[in-house]
Amino acid sequence: MTGTALLKRTLGVGIALVVVLLLVGQLLGQPILLGYVATGSMEPAMNAGDGFVAVPSLADSSVEQGDVVVFEARELHGGGLTTHRVVGETEEGYVTKGDANPFTDQDGGEPHVTDGQIVAKAWQVNGEVVTIPHLGTAIMGAQHVAESASGTVASVVGLTATDDSEGLGAVLVAVGVALLGFGTVFERLGPARRETRRSRSRENVIAFWTALGLVLLVFVTFATAAMVVPSGTAEYELVSTDSPTDDPQVIAPGETTELTRTVDNAGYLPIVAVHEAESNNVAIGPATQTVGIRSSGETTVSLTAPDETGSYTRHVGEYRYLAVLPPAAIVWLHGLHPLAAIAAVNVVIVGLAVAIVLVVFGHDDLRLRSVGDHVPASTRLERKLREWLRE
């Protein structure tokens, strides 16, 4: 491979990685390594449309005054992800503010931001945010084009076009499945083509390992999504008042109430759920539990009202892991860091996937030689099945 070809391939992989990270971040509701700002509230540190390197809270949960954080707002812009700077800290949480705004978010009606609401931090060097100019502008433009295209495709195939990412994703997935179906049909029914010249190159070997890598990437992506998407932070509103009611979340100062939290597992693998208190005066029991296939479990959340009357928000973090390892090992890894537990689960899944490939195709099929482009994968698999039957 020439240096130019290697450079092109590296550039292509880099661009694809950036797009995947941004799209996955949109679907998960939090930036994954890369994010962007859509408004000018953070000027001059970040202009509207600038991208930035996002450090997920799972990797670095420490927050200090001066940090630029991405948090789930409850009032700003109708709720949703907001990127502002931490300018202060109180017992109830952080005080945040856009650099270009004349007042803090809390002066504008946004409650204090708690650790449970923060999903990422912007990477800063010497107090300055590292930005990627115009990255967000390009992504928002691409999203607009994709939404327009999905609306056109939806009207043609008779689907209802929606503006949200779920509707857009459904249309794109439908188109992808249709294209895959057409490709399969053409491969099976199209004219046969047989190469008359034998090649000594190892292009098919590269293609095989590339395909295997893509399959493993799909496994890891879905496994990670199955653990990350259901995880998150739950909010509990608690009212401390001298006139308590029958509502378990409206209690007298200093008293404790208990709420039941249900953990649903709709998947076909058992999960290990870990709950952690992310606010003061919160207790959880049991903090860890294993939930079986398509089953559910319950845990008790105890909330203690402050001595001062008022309305308070309490947060409970929930982390989910596929139970492909002993629960005790997963809980121990979670104690080291949630990313350590996720990585260990993915390593096991990759190992199982590779083992299945070796069992199905055998070790001999992994020799570094060309297998012939003219022999479809389905035909090779049929031959392998016939060999097993003869044995």
# chains A, B, ... in the order shown; residues from 1 in each chain; ligands from 1
>>> residues_around(residues="Gly98 (chain A)", least_positions_apart="5", cutoff="10 Å", atoms="only C-alpha atoms", output="ChimeraX atom specification")
/A:40-43,45,68,82-87,103-105
>>> write_last_selection(atoms="C-alpha atoms", output="CSV table (one decimal), in the first residue's frame")
chain,number,residue,atom,x,y,z
A,40,GLY,CA,-23.3,31.9,20.9
A,41,SER,CA,-23.9,31.8,24.7
A,42,MET,CA,-20.3,30.7,25.3
A,43,GLU,CA,-18.5,33.3,23.1
A,45,ALA,CA,-14.5,30.8,24.4
A,68,VAL,CA,-17.1,24.1,31.0
A,82,THR,CA,-26.6,22.7,27.7
A,83,THR,CA,-22.9,23.6,27.6
A,84,HIS,CA,-22.0,26.4,30.1
A,85,ARG,CA,-19.3,27.2,32.6
A,86,VAL,CA,-19.3,26.4,36.3
A,87,VAL,CA,-18.9,29.8,38.1
A,103,PHE,CA,-26.6,36.6,34.4
A,104,THR,CA,-26.3,33.0,35.7
A,105,ASP,CA,-28.5,30.2,34.7
>>> closest_residue(among="A:Leu76, A:Val291, A:Val239, A:Leu325", to="Glu308 (chain A)", atoms="only C-alpha atoms")
A:Val239
>>> select_by_dssp(residues="region 11-133 of chain A", states="helix (DSSP H, G or I)", output="list in words")
Leu11, Gly12, Val13, Gly14, Ile15, Ala16, Leu17, Val18, Val19, Val20, Leu21, Leu22, Leu23, Val24, Gly25, Gln26, Leu27, Leu28, Leu76, His77, Gly78, Asp115, Gly116 and Gln117 of chain A
>>> closest_residue(among="A:Asp115, A:Glu91, A:Asp99, A:Glu255", to="Phe71 (chain A)", atoms="only C-alpha atoms")
A:Asp115
>>> closest_residue(among="A:Gly292, A:Gly49, A:Pro253, A:Gly93", to="Gly310 (chain A)", atoms="only C-alpha atoms")
A:Pro253
>>> closest_residue(among="A:His334, A:His275, A:Arg320, A:Lys121", to="Ser57 (chain A)", atoms="only C-alpha atoms")
A:Lys121
